[in-house]
Amino acid sequence: MPADRDAVAACQAQLLHALLRGDGFPDGFDGRMAAAASLALRRKRARAVARGLPAVAQALGAQFEPLFLEHAARYPAPSKPGGLQDGLRFARSVPGETLTDAARTELLLRRAHRRAFLGATRLRGAGRLLVVLRLPLAGLRVSAPRCRRKDPAQ
Amino acid sequence: MSARAISPLSGVGLGWRPQLETFADRAQLGFAEVVAESVDPRRLPGGLHRVLRGGLAVVPHGVGLSLGGTERPDRRRLDHLALLAQRLQAPLVSEHIAYVRADGLEAGHLLPVARTEESLEILCENVAYAQAHLPVALALEHVAALVEWPGNELDEATFVSELVARTGALLLLDLSNLYANAFNHGWDPVEALRRFPLESIAYVHVSGGVHRDGIYHDTHDAPVLPQVLALVEELFAVADAPGVLLERDGNFPPEDELAAELREIAAAAERGSARADRSRDAPTRAVVRAR
């Protein structure tokens with residue numbers, strides 16, 4: 001009997017969805033091992049993201065892994081390899097005030113990895129506004145003018 | 001024919017990573033491997049160029065073909081692998097017996113296929129398609145998997161033997177994956193090892209991992225376990241095996257620790273070969289150690 005590719009594809013997709021989410025495993029799988037596999041898969045994603053955005057991971061500290069695992073259960077990894085795209089999407093869900101200046105700088109510079117980009121972030125510690133502009137052919141321009149601090153005590 | 005006769009890879013090798021490039025420059029390696037998706041064949045990293053200039057064989061190791069998936073391997077990924085093999089003048093390339101995407105989603109991990117006749121047919125078609133597009137031989141690696149498909153019909157050694165026999169592909173024997181699956185699913189790794197197609201080995205992988213909550217995780221970021229080194233010894237006692245390569249992907253150790261680990265791997269292989277020499281007439285050895 002020739003292989004029924006559609007049926008196999010459906011089974012493989014069902015297992016993959018369950019592993020990404022961490023629940024809804026098809027009948028017959030060992031629940032303990034399946035849960036461990038799902039956690040291992042999301043932890044691997046977390047490590048790749050931490051490598052791509054080390055300052056963000058450092059800023060979140062012990063909160064990084066639980067926050068990322070929750071994000072990973074909801075959003076499958078983007079098809080682009082490496083943890084950068086995954087990390088940039090995760091970072092959008094992180095409250096801005098939990099990030100350090102180093103993490104904000106890292107995110108802004110990483111987001112600028114495209115043909116054209118204009119973005120800015122407030123560096124509270126330094127009291128500066130970091131502005132990054134990238135244009136085709138012109139390359140990357142970075143400036144950090146002083147800005148009025150929101151909180152004069154900082 | 002023995003595996004040594006079909007594979008030019010010998011000694012102890014190392015998975016080349018940017019973090020290990022200064023170590024790779026100085027270490028006395030037998031060969032190397034590079035994750036195919038991590039390098040651009042048109043712009044090889046300088047460290048990899050130095051390894052090549054030193055005369056080492058470098059094997060491109062793919063993780064993205066999804067040979068166990070139901071879709072035909074992607075031509076662009078195959079072209080990338082083929083071009084990389086040419087640029088590296090690699091003696092062979094390797095990939096996994098696994099699927100990594102389905103339904104438009106990426107797993108970011110190597111997932112096991114059900115060990116059934118149906119999966120074998122799909123794998124055989126995909127492997128044949130890949131082989132037709134690659135300029136050099138393809139070696140297939142069995143993966144470490146925490147989940148087992150409930151419908152499995154064959155054990156891993158039988159499944160891999162069938163696949164190798166039907167496709168003519170070489171075997172990338174991963175002793176850490178063998179240990180992981182045996183430990184996590186309650187098999188005897190030594191008994192299983194003897195039933196893999198040892199005469200078709202292109203090279204051997206070892207890596208480190210951790211035991212957590214009664215489960216072994218093949219994390220590639222810890223030292224190789226003594227249990228895995230024992231399997232290296234066992235392999236060389238029963239087969240005329242080619243080179244053994246260490247995969248280290250994170251938590252990189254100081255250079256002297258890494259050098260010591262490579263020496264331990266070599267010593268385990270030598271102990272196995274010495275055992276084989278002492279029992280030259282053992283029947284298992286007669287099968288796979290052709291002289």
# chains A, B, ... in the order shown; residues from 1 in each chain; ligands from 1
>>> select_by_dssp(residues="stretch 92-246 of chain B", states="strand (DSSP E or B)", output="ChimeraX atom specification")
/B:92-97,99-102,105-111,137-142,170-174,201-207,210-212,215-217,244-246
>>> closest_atom_pairs(of="chain B", to="chain A", cutoff="8 Å", atoms="only C-alpha atoms", output="CSV")
residue,atom,partner,partner_atom,distance
B:Gly69,CA,A:Ala9,CA,7.3
B:Thr70,CA,A:Ala9,CA,5.7
B:Arg101,CA,A:Leu16,CA,7.7
B:Ala102,CA,A:Ala13,CA,5.0
B:Asp103,CA,A:Ala13,CA,5.7
B:Leu105,CA,A:Pro76,CA,7.0
B:Glu106,CA,A:Ser79,CA,5.7
B:Ala107,CA,A:Leu16,CA,6.6
B:Gly108,CA,A:Ala77,CA,7.2
B:His109,CA,A:Leu41,CA,6.7
B:Val113,CA,A:Gln12,CA,7.8
B:Glu118,CA,A:Ala3,CA,4.9
B:Ser119,CA,A:Ala3,CA,7.4
B:Glu121,CA,A:Ala3,CA,6.4
B:Ile122,CA,A:Ala3,CA,6.7
B:Ala145,CA,A:Ala37,CA,7.9
B:Leu146,CA,A:Ala37,CA,5.6
B:Val147,CA,A:Ala34,CA,5.6
B:Glu148,CA,A:Phe29,CA,6.8
B:Trp149,CA,A:Phe29,CA,6.5
B:Pro150,CA,A:Gly28,CA,5.2
>>> write_last_selection(atoms="C-alpha atoms", output="compact mmCIF listing (two decimals), in the first residue's frame")
# COMPACT_ATOMS: atom_id res chain seq x y z
CA GLY B 69 8.31 15.23 6.58
CA THR B 70 5.65 14.56 4.01
CA ARG B 101 8.10 21.52 10.06
CA ALA B 102 4.50 20.73 9.28
CA ASP B 103 1.43 22.73 8.40
CA LEU B 105 5.01 25.78 11.27
CA GLU B 106 8.65 25.37 12.29
CA ALA B 107 9.40 23.14 15.25
CA GLY B 108 12.85 24.63 15.83
CA HIS B 109 13.80 21.11 16.80
CA VAL B 113 8.87 10.16 12.72
CA GLU B 118 4.64 4.18 5.73
CA SER B 119 7.28 6.50 7.20
CA GLU B 121 8.47 4.84 2.20
CA ILE B 122 8.22 8.60 2.63
CA ALA B 145 13.41 12.00 20.95
CA LEU B 146 11.51 12.30 24.19
CA VAL B 147 8.22 11.36 22.54
CA GLU B 148 7.56 7.98 21.00
CA TRP B 149 4.77 7.56 18.44
CA PRO B 150 2.12 5.18 19.75
>>> closest_residue(among="B:Val224, B:Ala169, B:Leu198, B:Val35", to="B:Ala130", atoms="only C-alpha atoms")
B:Ala169
>>> residues_around(residues="B:Leu231", least_positions_apart="6", cutoff="8 Å", atoms="only C-alpha atoms", output="short mmCIF file (atom, residue, chain, number, x, y, z; two decimals) with C-alpha atoms, in the first residue's frame")
data_model
loop_
_atom_site.label_atom_id
_atom_site.label_comp_id
_atom_site.auth_asym_id
_atom_site.auth_seq_id
_atom_site.Cartn_x
_atom_site.Cartn_y
_atom_site.Cartn_z
CA LEU B 175 25.89 7.52 20.54
CA PRO B 189 21.74 0.65 24.43
CA VAL B 190 24.48 -1.96 23.96
#
>>> atom_distance(atom1="atom CA of B:Ser94", atom2="atom CA of B:Glu21")
21.3 Å
>>> atom_distance(atom1="atom CA of B:Asp240", atom2="atom CA of B:Glu141")
18.6 Å
>>> residues_around(residues="B:Leu235", least_positions_apart="3", cutoff="8 Å", atoms="only C-alpha atoms", output="list in words")
Leu193, Arg194, Leu231, Val232, Val238, Ala239, Ala241, Ala269 and Gly272 of chain B
>>> residues_around(residues="A:Arg146", least_positions_apart="6", cutoff="7 Å", atoms="only C-alpha atoms", output="PyMOL selection string")
chain A and resi 127-129
>>> residues_around(residues="A:Ala144", least_positions_apart="2", cutoff="10 Å", atoms="only C-alpha atoms", output="ChimeraX atom specification")
/A:120-123,126-132,142,146-147
>>> write_last_selection(atoms="N, CA and C atoms", output="PDB file, in the first residue's frame")
ATOM      1  N   ALA A 120      13.234  55.112  17.552  1.00  0.00           N
ATOM      2  CA  ALA A 120      13.858  55.838  18.657  1.00  0.00           C
ATOM      3  C   ALA A 120      13.459  55.175  19.968  1.00  0.00           C
ATOM      4  N   THR A 121      14.329  55.307  20.962  1.00  0.00           N
ATOM      5  CA  THR A 121      13.980  54.815  22.284  1.00  0.00           C
ATOM      6  C   THR A 121      14.581  55.755  23.324  1.00  0.00           C
ATOM      7  N   ARG A 122      13.894  55.917  24.433  1.00  0.00           N
ATOM      8  CA  ARG A 122      14.368  56.822  25.481  1.00  0.00           C
ATOM      9  C   ARG A 122      15.300  56.060  26.415  1.00  0.00           C
ATOM     10  N   LEU A 123      16.526  56.550  26.550  1.00  0.00           N
ATOM     11  CA  LEU A 123      17.468  55.954  27.496  1.00  0.00           C
ATOM     12  C   LEU A 123      17.362  56.751  28.797  1.00  0.00           C
ATOM     13  N   ALA A 126      20.704  57.555  30.873  1.00  0.00           N
ATOM     14  CA  ALA A 126      21.595  58.527  30.246  1.00  0.00           C
ATOM     15  C   ALA A 126      20.894  59.856  29.978  1.00  0.00           C
ATOM     16  N   GLY A 127      19.576  59.876  30.099  1.00  0.00           N
ATOM     17  CA  GLY A 127      18.817  61.094  29.799  1.00  0.00           C
ATOM     18  C   GLY A 127      18.931  61.481  28.329  1.00  0.00           C
ATOM     19  N   ARG A 128      18.970  60.493  27.478  1.00  0.00           N
ATOM     20  CA  ARG A 128      19.101  60.769  26.048  1.00  0.00           C
ATOM     21  C   ARG A 128      18.039  60.014  25.267  1.00  0.00           C
ATOM     22  N   LEU A 129      17.812  60.528  24.067  1.00  0.00           N
ATOM     23  CA  LEU A 129      16.926  59.841  23.142  1.00  0.00           C
ATOM     24  C   LEU A 129      17.819  59.196  22.086  1.00  0.00           C
ATOM     25  N   LEU A 130      17.725  57.884  21.942  1.00  0.00           N
ATOM     26  CA  LEU A 130      18.542  57.207  20.936  1.00  0.00           C
ATOM     27  C   LEU A 130      17.725  57.084  19.655  1.00  0.00           C
ATOM     28  N   VAL A 131      18.259  57.661  18.578  1.00  0.00           N
ATOM     29  CA  VAL A 131      17.544  57.633  17.296  1.00  0.00           C
ATOM     30  C   VAL A 131      18.374  56.836  16.294  1.00  0.00           C
ATOM     31  N   VAL A 132      17.738  55.886  15.643  1.00  0.00           N
ATOM     32  CA  VAL A 132      18.436  55.071  14.646  1.00  0.00           C
ATOM     33  C   VAL A 132      17.706  55.194  13.316  1.00  0.00           C
ATOM     34  N   VAL A 142      23.199  56.775  13.674  1.00  0.00           N
ATOM     35  CA  VAL A 142      22.746  56.720  15.063  1.00  0.00           C
ATOM     36  C   VAL A 142      23.015  58.069  15.695  1.00  0.00           C
ATOM     37  N   ARG A 146      20.378  64.807  23.840  1.00  0.00           N
ATOM     38  CA  ARG A 146      19.863  64.873  25.208  1.00  0.00           C
ATOM     39  C   ARG A 146      18.357  65.097  25.158  1.00  0.00           C
ATOM     40  N   CYS A 147      17.654  64.531  26.102  1.00  0.00           N
ATOM     41  CA  CYS A 147      16.222  64.796  26.149  1.00  0.00           C
ATOM     42  C   CYS A 147      15.832  65.106  27.581  1.00  0.00           C
TER      43      CYS A 147
END
>>> select_by_dssp(residues="stretch 12-171 of chain B", states="helix (DSSP H, G or I)", output="PyMOL selection string")
chain B and resi 18-26+36-38+46-53+75-88+117-133+156-167
>>> closest_residue(among="B:Gly104, B:Gly68, B:Pro91, B:Gly168", to="B:Tyr203", atoms="only C-alpha atoms")
B:Pro91
>>> residues_around(residues="B:Glu153", least_positions_apart="5", cutoff="8 Å", atoms="only C-alpha atoms", output="list in words")
Arg115, Thr116 and Glu117 of chain B
>>> write_last_selection(atoms="N, CA and C atoms", output="PDB file, in the first residue's frame")
ATOM      1  N   ARG B 115       7.889   5.089  13.525  1.00  0.00           N
ATOM      2  CA  ARG B 115       8.709   4.041  12.906  1.00  0.00           C
ATOM      3  C   ARG B 115       7.787   2.985  12.289  1.00  0.00           C
ATOM      4  N   THR B 116       7.270   3.333  11.109  1.00  0.00           N
ATOM      5  CA  THR B 116       6.323   2.464  10.401  1.00  0.00           C
ATOM      6  C   THR B 116       6.798   2.274   8.966  1.00  0.00           C
ATOM      7  N   GLU B 117       6.201   1.309   8.291  1.00  0.00           N
ATOM      8  CA  GLU B 117       6.508   1.074   6.879  1.00  0.00           C
ATOM      9  C   GLU B 117       6.162   2.320   6.056  1.00  0.00           C
TER      10      GLU B 117
END
